[in-house]
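Participant: So I've got this file, my_file.cif, and it contains mmCIF, C-alpha atoms:
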```cif
data_run
#
loop_
_atom_site.label_atom_id
_atom_site.label_comp_id
_atom_site.auth_asym_id
_atom_site.auth_seq_id
_atom_site.Cartn_x
_atom_site.Cartn_y
_atom_site.Cartn_z
CA MET O 869 0.00 0.00 0.00
CA SER O 870 1.23 3.51 -0.77
CA GLN O 871 2.49 5.92 1.84
CA ARG O 872 -0.06 8.23 3.41
CA SER O 873 -0.55 11.32 1.26
CA SER O 874 -0.11 14.81 2.65
CA SER O 875 -3.50 16.34 3.35
CA ALA O 876 -4.74 19.42 5.12
CA ALA O 877 -8.19 17.87 5.57
CA PRO O 878 -9.09 17.61 9.27
CA PRO O 879 -8.80 14.40 11.32
CA LEU O 880 -11.59 11.83 10.95
CA ARG O 881 -13.27 12.70 14.25
CA GLN O 882 -13.47 16.36 13.27
CA MET O 883 -14.96 15.46 9.88
CA LEU O 884 -17.63 13.30 11.54
CA GLU O 885 -18.46 16.12 13.96
CA GLY O 886 -18.86 18.52 11.05
CA LEU O 887 -21.05 16.19 8.98
CA ILE O 888 -23.41 15.42 11.86
CA SER O 889 -23.72 19.07 12.92
CA VAL O 890 -25.06 20.30 9.57
CA PRO O 891 -28.80 19.60 9.20
CA SER O 892 -29.76 18.20 5.78
CA VAL O 893 -33.19 16.63 6.10
CA SER O 894 -34.89 15.53 2.90
CA SER O 895 -38.62 14.92 3.01
CA VAL O 896 -41.64 14.79 0.74
CA ASN O 897 -43.12 17.27 3.25
CA PRO O 898 -41.93 20.70 2.02
CA HIS O 899 -42.11 22.08 5.57
CA LEU O 900 -39.41 19.63 6.66
CA ASP O 901 -37.28 19.52 3.50
CA GLN O 902 -33.84 21.16 3.62
CA SER O 903 -30.95 21.82 1.25
CA ASN O 904 -27.99 19.45 1.20
CA ARG O 905 -25.68 22.12 -0.23
CA PRO O 906 -24.06 23.04 3.15
CA VAL O 907 -22.96 19.41 3.61
CA LEU O 908 -21.53 19.33 0.09
CA GLU O 909 -19.65 22.59 0.65
CA LEU O 910 -18.07 21.09 3.76
CA LEU O 911 -17.13 17.92 1.88
CA SER O 912 -15.80 19.95 -1.04
CA THR O 913 -13.31 21.81 1.17
CA TRP O 914 -12.01 18.60 2.73
CA LEU O 915 -11.83 16.75 -0.58
CA GLU O 916 -9.94 19.52 -2.34
CA ASP O 917 -7.52 19.61 0.59
CA ALA O 918 -7.08 15.83 0.14
CA GLY O 919 -6.22 16.26 -3.56
CA PHE O 920 -9.59 15.45 -5.17
CA ARG O 921 -10.99 17.32 -8.15
CA VAL O 922 -14.49 18.34 -7.07
CA GLU O 923 -17.67 19.07 -9.01
CA ILE O 924 -20.96 20.15 -7.44
CA LEU O 925 -23.86 19.50 -9.82
CA PRO O 926 -27.21 21.19 -8.96
CA LEU O 927 -30.28 19.08 -9.66
CA PRO O 928 -32.38 20.27 -12.61
CA GLY O 929 -35.02 22.68 -11.33
CA GLN O 930 -33.78 22.34 -7.72
CA PRO O 931 -30.76 24.62 -7.24
CA GLU O 932 -30.89 24.10 -3.46
CA LYS O 933 -30.13 20.39 -4.00
CA ALA O 934 -27.02 18.96 -5.67
CA ASN O 935 -24.79 15.94 -6.19
CA LEU O 936 -21.06 16.03 -5.53
CA ILE O 937 -18.57 14.10 -7.67
CA ALA O 938 -14.96 14.13 -6.47
CA THR O 939 -12.15 12.39 -8.37
CA LEU O 940 -8.72 11.36 -7.10
CA GLY O 941 -6.06 10.12 -9.54
CA GLY O 942 -6.57 8.91 -13.08
CA GLU O 943 -5.44 12.17 -14.72
CA GLY O 944 -3.25 10.29 -17.15
CA LEU O 945 -5.80 7.63 -18.05
CA SER O 946 -5.88 7.23 -21.82
CA GLY O 947 -8.71 6.24 -24.09
CA ALA O 948 -7.60 2.65 -23.59
CA GLY O 949 -8.84 2.96 -20.04
CA LEU O 950 -12.39 3.45 -21.24
CA ALA O 951 -14.88 0.74 -22.07
CA ASP O 952 -18.39 0.63 -23.44
CA SER O 953 -21.02 -0.65 -21.01
CA ALA O 954 -24.02 -2.67 -22.05
CA GLN O 955 -26.10 0.48 -21.60
CA GLY O 956 -23.97 2.40 -24.10
CA HIS O 957 -22.31 4.68 -21.53
CA LYS O 958 -18.57 5.33 -21.56
CA LEU O 959 -17.20 4.03 -18.26
CA LEU O 960 -13.94 4.71 -16.50
CA SER O 961 -12.55 1.77 -14.61
CA GLY O 962 -11.75 2.34 -10.95
CA LEU O 963 -13.85 2.56 -7.80
CA VAL O 964 -16.81 4.70 -6.72
CA LEU O 965 -17.51 5.19 -3.00
CA SER O 966 -21.05 6.51 -2.72
CA GLY O 967 -23.18 7.95 0.05
CA HIS O 968 -26.13 10.29 0.44
CA ALA O 969 -25.73 13.69 2.07
CA ASP O 970 -29.23 13.85 3.56
CA THR O 971 -31.00 12.37 6.58
CA VAL O 972 -34.57 11.57 7.51
CA PRO O 973 -36.53 14.01 9.72
CA PHE O 974 -35.99 13.50 13.44
CA ASP O 975 -37.78 14.19 16.73
CA ALA O 976 -35.10 15.83 18.85
CA HIS O 977 -37.14 15.50 22.06
CA LEU O 978 -37.01 11.68 21.79
CA TRP O 979 -33.20 11.61 21.68
CA ARG O 980 -31.00 11.01 24.70
CA TYR O 981 -28.37 13.31 23.13
CA ASP O 982 -28.50 16.26 20.74
CA PRO O 983 -29.02 14.62 17.30
CA LEU O 984 -27.00 17.40 15.63
CA ARG O 985 -23.97 16.98 17.87
CA LEU O 986 -21.64 13.99 17.65
CA THR O 987 -21.61 12.45 21.12
CA GLU O 988 -19.40 9.59 22.28
CA ALA O 989 -20.89 7.34 24.96
CA ASP O 990 -20.87 3.62 25.73
CA GLY O 991 -18.45 2.86 22.91
CA ARG O 992 -20.72 4.51 20.38
CA LEU O 993 -20.94 7.72 18.35
CA TYR O 994 -24.47 9.14 18.56
CA GLY O 995 -26.01 11.59 16.10
CA ILE O 996 -28.36 11.80 13.13
CA GLY O 997 -26.56 10.29 10.13
CA THR O 998 -23.93 8.35 12.08
CA ALA O 999 -25.22 5.01 10.77
CA ASP O 1000 -27.37 6.22 7.88
CA MET O 1001 -25.04 7.38 6.47
CA LYS O 1002 -23.09 10.64 6.59
CA SER O 1003 -20.28 8.97 8.53
CA PHE O 1004 -19.41 6.83 5.51
CA LEU O 1005 -18.46 9.96 3.56
CA GLY O 1006 -15.94 10.89 6.24
CA LEU O 1007 -14.61 7.32 6.35
CA ALA O 1008 -14.17 7.34 2.57
CA ILE O 1009 -12.05 10.50 2.74
CA GLU O 1010 -10.01 9.07 5.60
CA ALA O 1011 -9.36 5.84 3.67
CA ALA O 1012 -8.37 7.76 0.53
CA ARG O 1013 -5.71 9.69 2.46
CA SER O 1014 -3.64 6.52 2.61
CA PHE O 1015 -2.90 6.91 -1.11
CA ARG O 1016 -0.96 9.43 -3.20
CA PRO O 1017 -2.93 10.56 -6.25
CA ALA O 1018 0.00 9.69 -8.53
CA ASP O 1019 -0.16 6.06 -7.39
CA LEU O 1020 -3.76 5.57 -8.51
CA LYS O 1021 -3.69 3.95 -11.95
CA ARG O 1022 -7.47 4.21 -12.11
CA PRO O 1023 -9.58 6.94 -10.52
CA LEU O 1024 -11.18 6.85 -7.10
CA ILE O 1025 -14.53 8.64 -7.13
CA LEU O 1026 -16.39 9.88 -4.07
CA LEU O 1027 -20.07 10.46 -4.82
CA ALA O 1028 -22.44 12.30 -2.46
CA THR O 1029 -26.06 12.45 -3.57
CA ALA O 1030 -29.20 14.41 -2.74
CA ASP O 1031 -32.62 13.29 -1.53
CA GLU O 1032 -31.97 9.58 -1.07
CA GLU O 1033 -34.27 9.61 1.96
CA SER O 1034 -37.21 11.06 0.02
CA ALA O 1035 -37.46 10.47 -3.73
CA MET O 1036 -33.83 9.76 -4.74
CA HIS O 1037 -33.78 12.82 -6.98
CA GLY O 1038 -29.99 12.92 -6.92
CA ALA O 1039 -29.47 9.37 -8.18
CA ARG O 1040 -32.23 9.82 -10.77
CA ALA O 1041 -30.52 12.98 -12.06
CA LEU O 1042 -27.28 11.05 -12.51
CA VAL O 1043 -29.06 8.42 -14.60
CA GLU O 1044 -30.76 11.08 -16.70
CA SER O 1045 -27.41 12.78 -17.35
CA GLY O 1046 -25.77 9.50 -18.39
CA ARG O 1047 -22.65 10.59 -16.51
CA ALA O 1048 -19.89 7.96 -16.59
CA LEU O 1049 -18.42 7.43 -13.13
CA GLY O 1050 -16.72 4.07 -12.72
CA ARG O 1051 -16.93 0.33 -13.10
CA HIS O 1052 -17.16 -0.81 -9.48
CA ALA O 1053 -19.19 0.90 -6.74
CA VAL O 1054 -19.69 0.67 -2.99
CA ILE O 1055 -22.69 2.34 -1.34
CA GLY O 1056 -21.99 2.76 2.37
CA GLU O 1057 -25.51 2.21 3.69
CA PRO O 1058 -25.71 0.39 7.06
CA THR O 1059 -25.14 -3.34 6.52
CA GLY O 1060 -23.15 -4.26 9.64
CA LEU O 1061 -19.89 -4.75 7.70
CA ARG O 1062 -21.48 -7.45 5.54
CA PRO O 1063 -21.64 -7.02 1.75
CA VAL O 1064 -25.07 -6.87 0.09
CA ARG O 1065 -25.55 -7.49 -3.62
CA ALA O 1066 -29.35 -7.45 -3.95
CA HIS O 1067 -32.32 -5.69 -2.44
CA LYS O 1068 -36.04 -5.39 -2.93
CA GLY O 1069 -37.69 -2.45 -4.64
CA VAL O 1070 -39.84 0.17 -2.95
CA MET O 1071 -43.28 1.26 -4.14
CA ALA O 1072 -45.47 3.76 -2.29
CA GLU O 1073 -49.00 4.02 -3.70
CA ALA O 1074 -51.95 6.25 -2.83
CA ILE O 1075 -55.45 4.84 -3.37
CA ARG O 1076 -58.19 7.49 -3.32
CA LEU O 1077 -61.92 6.88 -3.33
CA THR O 1078 -64.45 9.69 -3.78
CA GLY O 1079 -68.10 9.15 -2.97
CA ARG O 1080 -70.75 11.62 -1.78
CA SER O 1081 -71.15 13.19 1.64
CA GLY O 1082 -74.49 13.57 3.36
CA HIS O 1083 -76.28 13.59 6.70
CA ALA O 1084 -75.38 10.52 8.77
CA SER O 1085 -79.02 10.04 9.80
CA ASP O 1086 -79.96 8.85 6.29
CA PRO O 1087 -77.46 6.57 4.45
CA SER O 1088 -79.34 7.11 1.19
CA LEU O 1089 -78.22 10.75 1.12
CA GLY O 1090 -74.59 9.85 0.38
CA ASN O 1091 -72.13 7.22 -0.80
CA ASN O 1092 -69.63 6.27 1.90
CA ALA O 1093 -66.04 6.22 0.61
CA LEU O 1094 -64.73 4.87 3.91
CA GLU O 1095 -66.94 1.79 3.65
CA GLY O 1096 -65.67 1.32 0.10
CA MET O 1097 -62.09 1.52 1.34
CA HIS O 1098 -62.86 -1.18 3.89
CA GLU O 1099 -63.65 -3.53 1.02
CA VAL O 1100 -60.57 -2.36 -0.87
CA MET O 1101 -58.37 -3.19 2.13
CA THR O 1102 -59.88 -6.68 2.31
CA ALA O 1103 -59.01 -7.20 -1.36
CA LEU O 1104 -55.48 -5.87 -0.84
CA LEU O 1105 -54.80 -8.21 2.06
CA ALA O 1106 -55.99 -11.15 -0.04
CA TRP O 1107 -53.65 -10.00 -2.83
CA ARG O 1108 -50.81 -9.78 -0.31
CA ASP O 1109 -51.40 -13.43 0.64
CA ALA O 1110 -51.43 -14.42 -3.04
CA LEU O 1111 -48.14 -12.62 -3.70
CA LYS O 1112 -46.59 -14.38 -0.74
CA GLN O 1113 -47.62 -17.77 -2.11
CA THR O 1114 -46.58 -17.21 -5.73
CA HIS O 1115 -43.34 -15.18 -5.51
CA ARG O 1116 -40.39 -16.44 -3.47
CA ASP O 1117 -36.65 -15.77 -3.44
CA PRO O 1118 -34.66 -17.77 -0.85
CA ALA O 1119 -31.81 -15.24 -1.00
CA PHE O 1120 -33.89 -12.91 1.21
CA ALA O 1121 -34.56 -13.40 4.92
CA ILE O 1122 -38.14 -12.33 4.15
CA ASP O 1123 -38.34 -14.40 1.00
CA HIS O 1124 -41.51 -12.90 -0.51
CA PRO O 1125 -42.75 -9.47 -1.57
CA THR O 1126 -44.34 -7.53 1.29
CA MET O 1127 -47.19 -5.05 1.49
CA ASN O 1128 -47.80 -2.65 4.35
CA VAL O 1129 -51.08 -0.79 4.84
CA GLY O 1130 -49.51 2.27 6.39
CA HIS O 1131 -51.82 5.29 6.37
CA ILE O 1132 -55.53 5.99 5.99
CA HIS O 1133 -57.64 9.10 6.26
CA GLY O 1134 -61.31 9.54 5.48
CA GLY O 1135 -64.12 11.91 6.26
CA ASP O 1136 -64.20 14.99 8.44
CA ASN O 1137 -66.88 14.48 11.10
CA PHE O 1138 -68.73 11.68 12.89
CA ASN O 1139 -72.15 12.83 11.70
CA ARG O 1140 -71.32 13.22 7.99
CA ILE O 1141 -71.22 10.37 5.49
CA CYS O 1142 -67.59 10.05 4.39
CA GLY O 1143 -67.23 11.54 0.93
CA HIS O 1144 -63.51 10.92 0.44
CA CYS O 1145 -61.00 8.35 1.73
CA GLU O 1146 -57.30 7.90 0.99
CA LEU O 1147 -55.09 4.90 1.74
CA HIS O 1148 -51.28 4.71 1.42
CA ILE O 1149 -49.55 1.36 0.99
CA ASP O 1150 -45.93 0.22 0.77
CA ILE O 1151 -44.96 -2.67 -1.54
CA ARG O 1152 -41.47 -4.24 -1.59
CA PRO O 1153 -41.02 -6.22 -4.85
CA LEU O 1154 -38.42 -8.92 -5.37
CA PRO O 1155 -35.72 -8.35 -8.03
CA HIS O 1156 -37.60 -10.29 -10.71
CA GLN O 1157 -40.84 -8.29 -10.25
CA ASP O 1158 -41.72 -5.27 -12.39
CA PRO O 1159 -43.19 -2.31 -10.44
CA GLU O 1160 -45.31 -1.23 -13.40
CA GLN O 1161 -46.84 -4.68 -13.69
CA LEU O 1162 -47.58 -4.68 -9.96
CA ARG O 1163 -49.24 -1.27 -10.26
CA ALA O 1164 -51.43 -2.61 -13.08
CA GLU O 1165 -52.39 -5.62 -10.95
CA LEU O 1166 -53.22 -3.31 -8.05
CA ARG O 1167 -55.69 -1.46 -10.27
CA GLU O 1168 -57.23 -4.73 -11.46
CA ARG O 1169 -57.87 -5.72 -7.84
CA VAL O 1170 -59.39 -2.40 -6.77
CA ALA O 1171 -61.22 -0.99 -9.81
CA PRO O 1172 -64.15 -3.48 -9.77
CA ILE O 1173 -64.93 -2.54 -6.16
CA ALA O 1174 -65.02 1.17 -6.96
CA GLU O 1175 -67.14 0.57 -10.06
CA ARG O 1176 -69.67 -1.60 -8.25
CA ARG O 1177 -69.99 0.94 -5.45
CA GLU O 1178 -70.10 3.88 -7.88
CA LEU O 1179 -67.04 5.47 -6.29
CA VAL O 1180 -64.46 7.48 -8.21
CA LEU O 1181 -61.07 5.75 -8.02
CA GLU O 1182 -57.63 7.29 -8.33
CA ILE O 1183 -54.35 5.38 -7.88
CA ALA O 1184 -51.11 7.36 -7.94
CA PRO O 1185 -47.53 6.74 -6.79
CA LEU O 1186 -46.43 8.86 -3.83
CA PHE O 1187 -43.01 9.00 -5.54
CA PRO O 1188 -41.47 7.22 -8.54
CA SER O 1189 -40.77 3.62 -7.57
CA ILE O 1190 -37.31 2.50 -6.53
CA PRO O 1191 -36.56 -0.59 -8.62
CA PRO O 1192 -35.18 -3.77 -7.09
CA ALA O 1193 -31.42 -4.20 -7.47
CA GLU O 1194 -29.20 -7.20 -8.09
CA THR O 1195 -25.51 -7.43 -8.90
CA ALA O 1196 -24.20 -10.73 -10.20
CA ALA O 1197 -22.57 -13.02 -7.66
CA GLY O 1198 -19.56 -13.29 -9.96
CA ALA O 1199 -18.94 -9.53 -10.18
CA ALA O 1200 -15.43 -8.55 -9.15
CA ILE O 1201 -16.62 -6.11 -6.46
CA VAL O 1202 -18.85 -8.79 -4.92
CA GLN O 1203 -16.09 -11.37 -4.84
CA ALA O 1204 -13.58 -8.88 -3.46
CA ALA O 1205 -15.88 -7.85 -0.60
CA GLU O 1206 -16.68 -11.48 0.21
CA ALA O 1207 -12.98 -12.33 0.33
CA LEU O 1208 -12.18 -9.38 2.59
CA THR O 1209 -15.01 -9.90 5.07
CA GLY O 1210 -15.39 -13.67 5.00
CA HIS O 1211 -19.15 -13.20 4.49
CA ARG O 1212 -21.15 -14.25 1.49
CA ALA O 1213 -22.96 -11.29 -0.09
CA GLU O 1214 -26.51 -10.99 1.22
CA SER O 1215 -29.89 -9.69 0.08
CA VAL O 1216 -31.91 -7.13 2.07
CA SER O 1217 -35.42 -5.73 2.10
CA PHE O 1218 -34.63 -2.01 2.23
CA GLY O 1219 -34.01 0.13 -0.86
CA THR O 1220 -30.86 2.01 -1.88
CA GLU O 1221 -29.46 3.91 -4.85
CA ALA O 1222 -27.91 0.68 -6.20
CA PRO O 1223 -30.37 0.22 -9.10
CA PHE O 1224 -29.55 3.72 -10.37
CA LEU O 1225 -25.79 3.18 -10.20
CA ASN O 1226 -26.27 -0.19 -11.89
CA ALA O 1227 -28.26 1.56 -14.62
CA LEU O 1228 -25.13 3.59 -15.37
CA GLY O 1229 -23.24 0.35 -15.94
CA MET O 1230 -21.60 -0.04 -12.54
CA GLU O 1231 -21.39 -3.26 -10.57
CA THR O 1232 -22.59 -2.17 -7.15
CA ILE O 1233 -22.56 -3.54 -3.63
CA VAL O 1234 -24.06 -2.04 -0.49
CA PHE O 1235 -21.51 -2.22 2.30
CA GLY O 1236 -21.25 -0.01 5.37
CA PRO O 1237 -20.36 0.00 9.06
CA GLY O 1238 -23.72 0.91 10.59
CA ASP O 1239 -26.70 -1.29 11.42
CA ILE O 1240 -30.05 -0.87 9.67
CA GLU O 1241 -31.76 -1.29 13.04
CA GLN O 1242 -30.32 2.11 14.01
CA ALA O 1243 -31.51 3.89 10.88
CA HIS O 1244 -34.49 6.26 11.12
CA GLN O 1245 -34.58 5.86 14.91
CA PRO O 1246 -34.01 8.17 17.88
CA ASN O 1247 -30.53 7.74 19.36
CA GLU O 1248 -29.03 6.57 16.09
CA TYR O 1249 -25.42 5.54 16.60
CA LEU O 1250 -22.33 4.02 15.03
CA ALA O 1251 -20.30 1.61 17.18
CA LEU O 1252 -16.70 2.80 17.51
CA GLU O 1253 -15.45 -0.76 17.00
CA ARG O 1254 -16.85 -0.73 13.44
CA ILE O 1255 -14.64 2.16 12.29
CA PRO O 1256 -11.19 0.48 12.07
CA PRO O 1257 -12.37 -2.57 10.09
CA MET O 1258 -14.40 -0.39 7.71
CA LEU O 1259 -11.37 1.80 7.03
CA GLY O 1260 -9.30 -1.33 6.43
CA TYR O 1261 -11.81 -2.75 3.96
CA LEU O 1262 -12.05 0.55 2.07
CA ARG O 1263 -8.27 0.87 1.81
CA GLN O 1264 -7.98 -2.67 0.48
CA LEU O 1265 -10.73 -2.07 -2.08
CA ILE O 1266 -9.02 1.13 -3.24
CA GLN O 1267 -5.74 -0.78 -3.53
CA ARG O 1268 -7.42 -3.56 -5.52
CA PHE O 1269 -9.48 -1.48 -7.95
CA CYS O 1270 -7.44 1.72 -8.28
CA VAL O 1271 -3.81 0.69 -7.77
CA ASP O 1272 -3.42 -3.00 -8.58
CA ASP O 1273 -4.35 -4.80 -11.80
CA GLY O 1274 -7.61 -5.99 -10.19
CA GLY O 1275 -9.28 -2.75 -11.24
CA ALA O 1276 -8.64 -3.17 -14.96
CA LEU O 1277 -11.59 -3.95 -17.20
#
```
Translate the structure of the given file into structure tokens.
Facilitator:
Amino acid sequence: MSQRSSSAAPPLRQMLEGLISVPSVSSVNPHLDQSNRPVLELLSTWLEDAGFRVEILPLPGQPEKANLIATLGGEGLSGAGLADSAQGHKLLSGLVLSGHADTVPFDAHLWRYDPLRLTEADGRLYGIGTADMKSFLGLAIEAARSFRPADLKRPLILLATADEESAMHGARALVESGRALGRHAVIGEPTGLRPVRAHKGVMAEAIRLTGRSGHASDPSLGNNALEGMHEVMTALLAWRDALKQTHRDPAFAIDHPTMNVGHIHGGDNFNRICGHCELHIDIRPLPHQDPEQLRAELRERVAPIAERRELVLEIAPLFPSIPPAETAAGAAIVQAAEALTGHRAESVSFGTEAPFLNALGMETIVFGPGDIEQAHQPNEYLALERIPPMLGYLRQLIQRFCVDDGGAL
């Protein structure tokens, strides 16, 4: 491994303190949504000090949100270092270390410690984004400082994206741009130091029924949308059972697609017939399932109920679906991570930006030091004991894919 490069970027602990202290909530609720630009500006300063070439790319139509792409090494890479992907994009070989610069909303009064202040206690670092997943960006910079830019035969890319916790606008913008980044990618989402090569998709659907309000004393004066939704829910739960019986993938701990009935609202008063009712559901498809086909099947299950009851039906996604993701077991990044950790690559039920990076021709794993059980929870933390092994794994992956011949295409 190369000698540690000179860098004026601050020590790791100081970087983690800075990342956690800058609020960057992304939410579909505009009252909670915040810019991620302050986090990117902080990262940009550190990365430039560490020798990276930094670009900040505002999202189309959202100047307060941006992606950051920082490149170390690879300045002398010739056209021979480029290859055509199956998708037609030009790809640099090398390694991409990717993380999102946003967090979910948080309830500060439920936390034991200030969520916007990195706090060490009980062998843990507490703070919003410690596990999910601002800390990974600091760890990636720290790992990169073990290498001199001139020693990297292929580029090391650090990618920080916007809005992963809401609608993944940042990753979607990258796909729309067709920007070539690299051949191998690691997303540092919390996986407990175990590599993940596949995950389910995420669909969030709103089902709306509109009937007719009226005085509760006479049912004939209205058409109750809430009663219609009761029948819709019965049909959905039957569909959920059918999906469980007909679609299985033993690679997942929960080996079938899931459906959660998560939110319902109908009516406005006890003595008025409910004229409108809305239900939100969450569906997690397996890698072989097509979200558009599932959405069509959802309509087939619900539309006859609305028609028979003379209710107006509307079905709409709450956000564009996150496709399932799967990277081949034989991919070099999968095999390298398995060899380093001694763990066979797993499959998980939560969604990440992996399908979007894969759409750009990368072979992507999800691999980070946090635990998913800590994500989106009060008192989120990263165990201190996870930091040294994660840094070691990252350094070895950089060595393999950016310095040694293992990164060549």
Participant: Going by the chain IDs and residue numbers used in this file, which residues fall under the PyMOL selection byres ((chain O and resi 1095) around 12)? Write them as JSON, numbers by chain.
Facilitator: {"O": [1077, 1078, 1079, 1080, 1087, 1090, 1091, 1092, 1093, 1094, 1096, 1097, 1098, 1099, 1100, 1101, 1102, 1134, 1135, 1141, 1142, 1143, 1144, 1145, 1146, 1173, 1174, 1177, 1179]}
Participant: Counting only C-alpha atoms, which residue out of O:Ile996, O:Ala1011, O:Val972, O:Leu1020 sits closest to Leu900 (chain O)?
Facilitator: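 Checking each candidate against Leu900 (chain O), we get O:Val972 as the closest.
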Participant: Please write as an MDAnalysis selection string the full residue list that the PyMOL selection byres ((chain O and resi 1252-1256) around 10) yields on this file.
Facilitator: chainID O and resid 988:993 1003:1004 1007 1060:1061 1236:1238 1249:1251 1257:1261
Participant: So which residues touch Ala1199 (chain O) within 10 Å, counting all atoms listed in the file, skipping near sequence neighbours fewer than 5 positions away, as a list in words?
Facilitator: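 Surrounding residues, per the criterion: His1052, Arg1065, Ala1204, Glu1231, Thr1232 and Ile1233 of chain O.
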Participant: Write out as a ChimeraX atom specification each polymer residue whose atoms come within 12 Å of Gly997 (chain O), counting all atoms listed in the file; drop sequence neighbours fewer than 4 positions from it.
Facilitator: /O:884-893,907,967-974,983-986,993,1001-1006,1033,1056-1058,1238-1240,1242-1250
Participant: Name the residues that the PyMOL selection byres ((chain O and resi 1032) around 12) pulls out of this structure, and write them as a PyMOL selection string.
Facilitator: chain O and resi 892-896+904+933-935+966-972+1000-1002+1028-1031+1033-1041+1055+1057+1187+1190+1219-1222+1224
Participant: Could you check which of O:Ala1184, O:Ala1164, O:Ala1213, O:Ala1171 is closest to Ala1196 (chain O), using all atoms listed in the file?
Facilitator: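 When distances to Ala1196 (chain O) are compared using all atoms listed in the file, the smallest one comes from O:Ala1213.
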Participant: Could you please determine the separation between CA of Pro1155 (chain O) and CA of Ile1266 (chain O) in Å, to one decimal place?
Facilitator: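 Atom-to-atom, CA of Pro1155 (chain O) and CA of Ile1266 (chain O) are spaced 28.7 Å apart.
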Participant: When you count only C-alpha atoms, which of these residues is closest to Thr987 (chain O): O:Glu1175, O:Ala1227, O:Ile1122, O:Gln882?
Facilitator: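 Comparing O:Glu1175, O:Ala1227, O:Ile1122, O:Gln882 against Thr987 (chain O), the winner is O:Gln882.
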Participant: Smallest atom-to-atom distance to Ile1201 (chain O): which of O:Leu1042, O:Val1234, O:Leu880, O:Ile924, using only C-alpha atoms?
Facilitator: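 Using only C-alpha atoms, the shortest distance to Ile1201 (chain O) belongs to O:Val1234.
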Participant: To one decimal place, how far is CA of Pro1192 (chain O) from CA of His1067 (chain O) in Å?
Facilitator: 5.8 Å
Participant: Between O:Arg1268, O:Arg1163, O:Arg1076, O:Arg1152, which is the closest to Asp1123 (chain O) once you count only C-alpha atoms?
Facilitator: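 With only C-alpha atoms as the atom set, the closest residue is O:Arg1152.
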Participant: Taking only C-alpha atoms into account, which of O:Ala1008, O:Ile1183, O:Leu1049, O:Ala938 comes nearest Glu1165 (chain O)?
Facilitator: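 When distances to Glu1165 (chain O) are compared using only C-alpha atoms, the smallest one comes from O:Ile1183.
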Participant: If you count all atoms listed in the file, which residues fall within 12 Å of Glu1073 (chain O), apart from same-chain ones fewer than 4 positions away, as a list in words?
Facilitator: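 My reading of the contact set: Met1127, Asn1128, Val1129, Gly1130, His1131, Ile1132, Glu1146, Leu1147, His1148, Ile1149, Asp1150, Ile1151, Arg1152, Pro1159, Glu1160, Leu1162, Arg1163, Ala1164, Leu1166, Arg1167, Glu1182, Ile1183, Ala1184, Pro1185, Leu1186, Phe1187, Pro1188 and Ser1189 of chain O.
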Participant: Kindly give the distance, in Å, that separates CA of Leu1228 (chain O) and CA of Gly929 (chain O), rounded to a single decimal.
Facilitator: 21.9 Å
Participant: Would you mind completing region 898-908 of chain O so that it carries N, CA and C atoms, and writing it out as a PDB file, keeping the file's coordinate frame?
Facilitator:
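Final output, saved to part_2.pdb:
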```pdb
ATOM      1  N   PRO O 898     -42.751  19.511   2.288  1.00  0.00           N
ATOM      2  CA  PRO O 898     -41.930  20.700   2.020  1.00  0.00           C
ATOM      3  C   PRO O 898     -41.595  21.502   3.274  1.00  0.00           C
ATOM      4  N   HIS O 899     -42.384  21.354   4.329  1.00  0.00           N
ATOM      5  CA  HIS O 899     -42.110  22.080   5.570  1.00  0.00           C
ATOM      6  C   HIS O 899     -40.897  21.512   6.305  1.00  0.00           C
ATOM      7  N   LEU O 900     -40.550  20.278   6.008  1.00  0.00           N
ATOM      8  CA  LEU O 900     -39.410  19.630   6.660  1.00  0.00           C
ATOM      9  C   LEU O 900     -38.176  19.581   5.771  1.00  0.00           C
ATOM     10  N   ASP O 901     -38.365  19.706   4.465  1.00  0.00           N
ATOM     11  CA  ASP O 901     -37.280  19.520   3.500  1.00  0.00           C
ATOM     12  C   ASP O 901     -36.227  20.621   3.629  1.00  0.00           C
ATOM     13  N   GLN O 902     -34.947  20.224   3.515  1.00  0.00           N
ATOM     14  CA  GLN O 902     -33.840  21.160   3.620  1.00  0.00           C
ATOM     15  C   GLN O 902     -32.848  20.932   2.484  1.00  0.00           C
ATOM     16  N   SER O 903     -32.009  21.934   2.246  1.00  0.00           N
ATOM     17  CA  SER O 903     -30.950  21.820   1.250  1.00  0.00           C
ATOM     18  C   SER O 903     -29.836  20.919   1.759  1.00  0.00           C
ATOM     19  N   ASN O 904     -29.182  20.216   0.834  1.00  0.00           N
ATOM     20  CA  ASN O 904     -27.990  19.450   1.200  1.00  0.00           C
ATOM     21  C   ASN O 904     -26.711  20.175   0.806  1.00  0.00           C
ATOM     22  N   ARG O 905     -26.851  21.395   0.245  1.00  0.00           N
ATOM     23  CA  ARG O 905     -25.680  22.120  -0.230  1.00  0.00           C
ATOM     24  C   ARG O 905     -24.656  22.420   0.877  1.00  0.00           C
ATOM     25  N   PRO O 906     -25.079  22.800   2.112  1.00  0.00           N
ATOM     26  CA  PRO O 906     -24.060  23.040   3.150  1.00  0.00           C
ATOM     27  C   PRO O 906     -23.194  21.819   3.451  1.00  0.00           C
ATOM     28  N   VAL O 907     -23.771  20.619   3.402  1.00  0.00           N
ATOM     29  CA  VAL O 907     -22.960  19.410   3.610  1.00  0.00           C
ATOM     30  C   VAL O 907     -21.968  19.240   2.466  1.00  0.00           C
ATOM     31  N   LEU O 908     -22.422  19.478   1.238  1.00  0.00           N
ATOM     32  CA  LEU O 908     -21.530  19.330   0.090  1.00  0.00           C
ATOM     33  C   LEU O 908     -20.407  20.353   0.112  1.00  0.00           C
TER      34      LEU O 908
END
```
